$ cat structure_0.cif   # mmCIF, C-alpha atoms
data_start
loop_
_atom_site.group_PDB
_atom_site.id
_atom_site.type_symbol
_atom_site.label_atom_id
_atom_site.label_comp_id
_atom_site.auth_asym_id
_atom_site.auth_seq_id
_atom_site.Cartn_x
_atom_site.Cartn_y
_atom_site.Cartn_z
ATOM 1 C CA GLY U 1 10.347 16.545 4.582
ATOM 2 C CA SER U 2 9.411 15.089 7.923
ATOM 3 C CA CYS U 3 6.627 12.693 8.739
ATOM 4 C CA VAL U 4 3.370 14.580 8.608
ATOM 5 C CA ASN U 5 0.859 12.280 10.272
ATOM 6 C CA ARG U 6 3.152 10.466 12.727
ATOM 7 C CA GLU U 7 1.076 7.287 12.789
ATOM 8 C CA HIS U 8 4.106 5.158 11.896
ATOM 9 C CA GLY U 9 7.773 5.146 12.706
ATOM 10 C CA GLY U 10 10.250 7.189 10.691
ATOM 11 C CA ASN U 11 10.951 4.561 8.032
ATOM 12 C CA ASP U 12 7.255 3.953 7.435
ATOM 13 C CA CYS U 13 6.780 7.684 6.957
ATOM 14 C CA VAL U 14 9.493 7.691 4.298
ATOM 15 C CA ALA U 15 7.906 4.683 2.566
ATOM 16 C CA ASP U 16 4.503 6.408 2.748
ATOM 17 C CA ARG U 17 5.941 9.459 0.980
ATOM 18 C CA TYR U 18 7.430 7.305 -1.796
ATOM 19 C CA GLN U 19 4.086 5.529 -2.167
ATOM 20 C CA MET U 20 2.213 8.838 -2.291
ATOM 21 C CA CYS U 21 4.569 10.074 -5.014
ATOM 22 C CA ALA U 22 4.093 6.868 -6.975
ATOM 23 C CA SER U 23 0.315 7.166 -6.705
ATOM 24 C CA ARG U 24 0.349 10.794 -7.853
ATOM 25 C CA MET U 25 3.045 10.632 -10.546
ATOM 26 C CA LEU U 26 2.562 7.256 -12.218
ATOM 27 C CA PRO U 27 -0.210 5.471 -14.070
ATOM 28 C CA SER U 28 -2.193 3.501 -11.495
ATOM 29 C CA SER U 29 -0.961 0.121 -12.758
ATOM 30 C CA GLU U 30 2.661 1.155 -12.153
ATOM 31 C CA ALA U 31 1.873 2.819 -8.842
ATOM 32 C CA TRP U 32 0.119 -0.306 -7.572
ATOM 33 C CA ARG U 33 3.017 -2.525 -8.635
ATOM 34 C CA PHE U 34 5.361 -0.296 -6.637
ATOM 35 C CA ILE U 35 3.079 -0.145 -3.591
ATOM 36 C CA SER U 36 2.361 -3.882 -3.706
ATOM 37 C CA CYS U 37 6.091 -4.571 -3.840
ATOM 38 C CA ASN U 38 6.549 -2.360 -0.745
ATOM 39 C CA PHE U 39 3.936 -4.376 1.132
ATOM 40 C CA GLU U 40 5.463 -7.643 0.008
ATOM 41 C CA TYR U 41 8.681 -6.626 1.754
ATOM 42 C CA GLN U 42 7.043 -4.653 4.552
ATOM 43 C CA GLU U 43 9.059 -6.328 7.305
ATOM 44 C CA CYS U 44 12.244 -5.031 5.630
ATOM 45 C CA LEU U 45 11.064 -1.402 5.661
ATOM 46 C CA THR U 46 11.805 -1.044 9.370
ATOM 47 C CA ALA U 47 15.567 -1.549 8.915
ATOM 48 C CA SER U 48 17.629 1.521 8.038
ATOM 49 C CA THR U 49 20.763 -0.289 6.918
ATOM 50 C CA SER U 50 21.525 -3.455 5.002
ATOM 51 C CA PRO U 51 21.662 -6.554 7.164
ATOM 52 C CA GLY U 52 24.107 -8.105 4.704
ATOM 53 C CA GLY U 53 24.139 -11.864 4.436
ATOM 54 C CA ALA U 54 21.536 -13.662 2.379
ATOM 55 C CA TYR U 55 19.198 -10.631 2.215
ATOM 56 C CA PRO U 56 21.374 -7.556 1.654
ATOM 57 C CA ASN U 57 18.481 -5.470 0.259
ATOM 58 C CA CYS U 58 16.143 -6.098 3.200
ATOM 59 C CA TYR U 59 16.160 -2.498 4.432
ATOM 60 C CA LEU U 60 14.275 0.710 3.612
ATOM 61 C CA ASP U 61 16.314 2.023 0.666
ATOM 62 C CA GLY U 62 16.938 -1.504 -0.636
ATOM 63 C CA VAL U 63 13.196 -2.189 -0.861
ATOM 64 C CA LEU U 64 12.312 1.229 -2.283
ATOM 65 C CA LYS U 65 15.073 1.019 -4.875
ATOM 66 C CA GLY U 66 14.169 -2.549 -5.825
ATOM 67 C CA CYS U 67 10.458 -1.774 -6.076
ATOM 68 C CA SER U 68 11.119 1.330 -8.183
ATOM 69 C CA GLN U 69 12.329 -1.019 -10.920
ATOM 70 C CA TYR U 70 8.641 -1.780 -11.546
ATOM 71 C CA THR U 71 8.018 1.843 -12.538
ATOM 72 C CA SER U 72 9.005 4.249 -15.273
ATOM 73 C CA LEU U 73 10.519 6.545 -12.616
ATOM 74 C CA THR U 74 13.910 5.981 -11.065
ATOM 75 C CA PHE U 75 14.517 5.536 -7.355
ATOM 76 C CA GLU U 76 16.157 8.983 -7.418
ATOM 77 C CA GLU U 77 13.129 10.607 -9.093
ATOM 78 C CA LEU U 78 10.760 9.079 -6.554
ATOM 79 C CA GLY U 79 13.138 10.148 -3.778
ATOM 80 C CA SER U 80 13.226 13.710 -5.034
ATOM 81 C CA CYS U 81 9.448 13.799 -4.911
ATOM 82 C CA ALA U 82 9.312 12.110 -1.490
ATOM 83 C CA SER U 83 11.513 14.798 0.026
ATOM 84 C CA ASN U 84 9.841 17.867 -1.477
ATOM 85 C CA SER U 85 7.134 20.172 -0.140
ATOM 86 C CA THR U 86 4.572 19.046 -2.722
ATOM 87 C CA SER U 87 4.518 15.491 -1.422
ATOM 88 C CA GLN U 88 4.438 16.852 2.112
ATOM 89 C CA GLU U 89 1.249 18.724 1.208
ATOM 90 C CA TRP U 90 -0.208 15.575 -0.390
ATOM 91 C CA MET U 91 0.490 13.716 2.863
ATOM 92 C CA LYS U 92 -1.190 16.457 4.920
ATOM 93 C CA LEU U 93 -4.285 16.210 2.714
ATOM 94 C CA SER U 94 -4.248 12.427 2.997
ATOM 95 C CA GLY U 95 -3.889 12.663 6.779
ATOM 96 C CA ALA U 96 -6.824 15.070 6.981
ATOM 97 C CA ALA U 97 -8.978 12.683 4.931
ATOM 98 C CA THR U 98 -7.882 9.729 7.068
ATOM 99 C CA SER U 99 -8.771 11.514 10.299
ATOM 100 C CA LYS U 100 -12.389 11.770 9.104
ATOM 101 C CA VAL U 101 -12.769 7.985 8.773
ATOM 102 C CA ALA U 102 -12.453 5.223 11.352
ATOM 103 C CA GLY U 103 -11.699 7.664 14.150
ATOM 104 C CA GLY U 104 -8.412 8.575 12.503
ATOM 105 C CA HIS U 105 -7.039 5.040 12.746
ATOM 106 C CA PRO U 106 -4.571 4.727 9.845
ATOM 107 C CA LEU U 107 -5.210 1.108 8.864
ATOM 108 C CA TRP U 108 -8.531 0.921 7.112
ATOM 109 C CA ALA U 109 -10.032 0.870 3.660
ATOM 110 C CA LEU U 110 -13.454 1.463 2.196
ATOM 111 C CA VAL U 111 -14.885 -1.016 -0.303
ATOM 112 C CA ASP U 112 -18.067 0.383 -1.829
ATOM 113 C CA GLY U 113 -18.600 2.518 1.237
ATOM 114 C CA THR U 114 -18.091 -0.357 3.697
ATOM 115 C CA LEU U 115 -15.310 0.051 6.222
ATOM 116 C CA VAL U 116 -12.741 -2.770 6.312
ATOM 117 C CA PRO U 117 -10.654 -2.005 9.423
ATOM 118 C CA ASP U 118 -7.596 -3.926 10.509
ATOM 119 C CA SER U 119 -8.765 -4.031 14.157
ATOM 120 C CA GLY U 120 -5.337 -5.222 15.271
ATOM 121 C CA LEU U 121 -5.492 -8.283 13.037
ATOM 122 C CA PHE U 122 -2.480 -10.028 11.598
ATOM 123 C CA MET U 123 -1.658 -8.767 8.085
ATOM 124 C CA GLU U 124 -2.752 -12.055 6.473
ATOM 125 C CA THR U 125 -6.144 -11.945 8.214
ATOM 126 C CA TRP U 126 -6.710 -8.333 7.241
ATOM 127 C CA ALA U 127 -5.630 -9.040 3.657
ATOM 128 C CA ASN U 128 -8.070 -11.957 3.471
ATOM 129 C CA ASN U 129 -10.866 -9.747 4.850
ATOM 130 C CA MET U 130 -9.995 -7.125 2.238
ATOM 131 C CA LEU U 131 -9.980 -9.695 -0.567
ATOM 132 C CA THR U 132 -13.330 -11.064 0.613
ATOM 133 C CA ALA U 133 -14.817 -7.549 0.621
ATOM 134 C CA ILE U 134 -13.514 -6.829 -2.882
ATOM 135 C CA CYS U 135 -14.688 -10.171 -4.271
ATOM 136 C CA THR U 136 -18.111 -9.843 -2.645
ATOM 137 C CA SER U 137 -18.543 -6.337 -4.021
ATOM 138 C CA ALA U 138 -17.441 -7.346 -7.525
ATOM 139 C CA HIS U 139 -19.780 -10.358 -7.436
ATOM 140 C CA LYS U 140 -22.761 -8.233 -6.313
ATOM 141 C CA GLN U 141 -22.100 -5.818 -9.164
ATOM 142 C CA GLY U 142 -21.775 -8.580 -11.732
ATOM 143 C CA LEU U 143 -18.214 -7.562 -12.531
ATOM 144 C CA LYS U 144 -15.544 -9.848 -13.908
ATOM 145 C CA LEU U 145 -13.893 -11.186 -10.802
ATOM 146 C CA PRO U 146 -10.176 -10.787 -10.219
ATOM 147 C CA GLN U 147 -8.289 -14.079 -10.409
ATOM 148 C CA ALA U 148 -7.532 -13.861 -6.691
ATOM 149 C CA CYS U 149 -11.257 -14.240 -6.010
ATOM 150 C CA GLU U 150 -11.161 -17.811 -7.314
ATOM 151 C CA SER U 151 -9.568 -18.869 -4.021
ATOM 152 C CA GLN U 152 -12.548 -17.345 -2.242
ATOM 153 C CA ASP U 153 -15.037 -20.000 -3.465
ATOM 154 C CA SER U 154 -15.703 -21.320 0.026
ATOM 155 C CA VAL U 155 -16.466 -17.825 1.309
ATOM 156 C CA LEU U 156 -18.411 -16.372 -1.600
ATOM 157 C CA PRO U 157 -21.303 -17.589 -3.741
ATOM 158 C CA ILE U 158 -19.247 -16.936 -6.898
ATOM 159 C CA HIS U 159 -20.223 -20.074 -8.797
ATOM 160 C CA GLU U 160 -23.987 -20.230 -8.449
#
$ encode --input "structure_0.cif" --output "structure tokens"
Amino acid sequence: GSCVNREHGGNDCVADRYQMCASRMLPSSEAWRFISCNFEYQECLTASTSPGGAYPNCYLDGVLKGCSQYTSLTFEELGSCASNSTSQEWMKLSGAATSKVAGGHPLWALVDGTLVPDSGLFMETWANNMLTAICTSAHKQGLKLPQACESQDSVLPIHE
């Protein structure tokens, strides 16, 4: 299937479809491992072919195949899903939901109803803002804080 929402380039659309399939077909812990792995190698997702050399898997299929090793589905099974009409419909539904938030801008998240936009920030800045929002929310709710929140001591009143 083709890219439904067209907010990214072609390779990002393919990666989005794989991620949608992972989120719909796998237990959330496996899906998040796959998606997190994709983001870890995000700069590689723009390349369509192997660059060879020291990083031969730094391209779209190399990343997707490598990250699929963290799941109970094979790269081929995820690929079959990513290219079928069911995942295309899932993407259309996701795109419709996205268009209702943040003016349709694709890079945002809600943490307890609070918008955390990327606002053109560098990935590291946005990720830190996201972590701060998650840690603050968990702290306010009295939840056990994720280990990553420990690095947020200077930002959050975690240890009162």
$ closest_residue --input "structure_0.cif" --among "U:Gln88, U:Ser36, U:Thr114, U:Thr136" --to "Val63 (chain U)" --atoms "only C-alpha atoms"
U:Ser36
$ closest_residue --input "structure_0.cif" --among "U:Leu78, U:Leu145, U:Cys13, U:Met130" --to "Asp118 (chain U)" --atoms "only C-alpha atoms"
U:Met130
$ resolve_selection --input "structure_0.cif" --expression "the PyMOL selection byres ((chain U and resi 50-62) around 10)" --output "ChimeraX atom specification"
/U:11-12,14-15,38,41-49,63-68,75,79
$ axis_aligned_box --input "structure_0.cif" --around "region 61-76 of chain U" --padding-each-side "3 Å" --output "AutoDock Vina command-line options"
--center_x 12.5 --center_y 3.2 --center_z -7.3 --size_x 14.9 --size_y 17.5 --size_z 21.9
$ closest_residue --input "structure_0.cif" --among "U:Ser137, U:Ser83, U:Gln69, U:Asn128" --to "Tyr18 (chain U)" --atoms "all atoms listed in the file"
U:Ser83
$ closest_residue --input "structure_0.cif" --among "U:Leu110, U:Ala31, U:Thr125, U:Cys21" --to "Thr98 (chain U)" --atoms "only C-alpha atoms"
U:Leu110
$ atom_distance --input "structure_0.cif" --atom1 "CA of Arg33 (chain U)" --atom2 "CA of Ala138 (chain U)"
21.0 Å
$ closest_residue --input "structure_0.cif" --among "U:Met123, U:Ala22, U:Ala96, U:Cys149" --to "Cys81 (chain U)" --atoms "all atoms listed in the file"
U:Ala22
$ atom_distance --input "structure_0.cif" --atom1 "CA of Ser29 (chain U)" --atom2 "CA of Thr71 (chain U)"
9.1 Å
$ atom_distance --input "structure_0.cif" --atom1 "CA of Leu115 (chain U)" --atom2 "CA of Lys140 (chain U)"
16.8 Å
$ decode --input "structure_0.cif" --residues "region 32-53 of chain U" --atoms "N, CA and C atoms" --output "mmCIF file, in the first residue's frame"
data_model
loop_
_atom_site.group_PDB
_atom_site.id
_atom_site.type_symbol
_atom_site.label_atom_id
_atom_site.label_comp_id
_atom_site.auth_asym_id
_atom_site.auth_seq_id
_atom_site.Cartn_x
_atom_site.Cartn_y
_atom_site.Cartn_z
ATOM 1 N N TRP U 32 6.597 -1.989 21.529
ATOM 2 C CA TRP U 32 7.404 -0.833 21.927
ATOM 3 C C TRP U 32 8.892 -1.101 21.746
ATOM 4 N N ARG U 33 9.321 -2.326 21.949
ATOM 5 C CA ARG U 33 10.738 -2.641 21.675
ATOM 6 C C ARG U 33 11.054 -2.435 20.198
ATOM 7 N N PHE U 34 10.149 -2.878 19.339
ATOM 8 C CA PHE U 34 10.333 -2.708 17.895
ATOM 9 C C PHE U 34 10.332 -1.226 17.521
ATOM 10 N N ILE U 35 9.355 -0.488 17.996
ATOM 11 C CA ILE U 35 9.235 0.932 17.665
ATOM 12 C C ILE U 35 10.415 1.716 18.225
ATOM 13 N N SER U 36 10.800 1.432 19.454
ATOM 14 C CA SER U 36 11.950 2.103 20.063
ATOM 15 C C SER U 36 13.216 1.846 19.255
ATOM 16 N N CYS U 37 13.387 0.628 18.814
ATOM 17 C CA CYS U 37 14.545 0.273 17.981
ATOM 18 C C CYS U 37 14.523 1.096 16.692
ATOM 19 N N ASN U 38 13.345 1.250 16.079
ATOM 20 C CA ASN U 38 13.225 2.072 14.867
ATOM 21 C C ASN U 38 13.687 3.499 15.138
ATOM 22 N N PHE U 39 13.268 4.059 16.263
ATOM 23 C CA PHE U 39 13.650 5.435 16.579
ATOM 24 C C PHE U 39 15.133 5.543 16.900
ATOM 25 N N GLU U 40 15.672 4.503 17.492
ATOM 26 C CA GLU U 40 17.106 4.522 17.799
ATOM 27 C C GLU U 40 17.935 4.653 16.522
ATOM 28 N N TYR U 41 17.445 4.068 15.452
ATOM 29 C CA TYR U 41 18.165 4.098 14.174
ATOM 30 C C TYR U 41 17.431 4.948 13.142
ATOM 31 N N GLN U 42 16.719 5.953 13.609
ATOM 32 C CA GLN U 42 15.876 6.767 12.746
ATOM 33 C C GLN U 42 16.631 7.375 11.568
ATOM 34 N N GLU U 43 17.866 7.816 11.797
ATOM 35 C CA GLU U 43 18.615 8.434 10.705
ATOM 36 C C GLU U 43 18.893 7.446 9.577
ATOM 37 N N CYS U 44 18.881 6.142 9.882
ATOM 38 C CA CYS U 44 19.120 5.124 8.855
ATOM 39 C C CYS U 44 17.875 4.860 8.011
ATOM 40 N N LEU U 45 16.694 5.190 8.528
ATOM 41 C CA LEU U 45 15.454 4.869 7.827
ATOM 42 C C LEU U 45 15.280 5.635 6.525
ATOM 43 N N THR U 46 16.037 6.705 6.334
ATOM 44 C CA THR U 46 15.887 7.482 5.103
ATOM 45 C C THR U 46 16.604 6.845 3.913
ATOM 46 N N ALA U 47 17.568 5.974 4.174
ATOM 47 C CA ALA U 47 18.318 5.326 3.087
ATOM 48 C C ALA U 47 17.559 4.104 2.576
ATOM 49 N N SER U 48 17.521 3.952 1.278
ATOM 50 C CA SER U 48 16.802 2.816 0.668
ATOM 51 C C SER U 48 17.695 1.618 0.395
ATOM 52 N N THR U 49 18.994 1.839 0.342
ATOM 53 C CA THR U 49 19.919 0.744 0.086
ATOM 54 C C THR U 49 21.055 0.779 1.097
ATOM 55 N N SER U 50 21.699 -0.353 1.256
ATOM 56 C CA SER U 50 22.804 -0.464 2.206
ATOM 57 C C SER U 50 23.960 0.434 1.800
ATOM 58 N N PRO U 51 24.491 1.185 2.772
ATOM 59 C CA PRO U 51 25.656 2.007 2.457
ATOM 60 C C PRO U 51 26.946 1.200 2.443
ATOM 61 N N GLY U 52 26.861 -0.069 2.883
ATOM 62 C CA GLY U 52 28.062 -0.891 2.949
ATOM 63 C C GLY U 52 28.979 -0.387 4.051
ATOM 64 N N GLY U 53 30.223 -0.706 3.968
ATOM 65 C CA GLY U 53 31.191 -0.221 4.941
ATOM 66 C C GLY U 53 30.919 -0.693 6.357
#
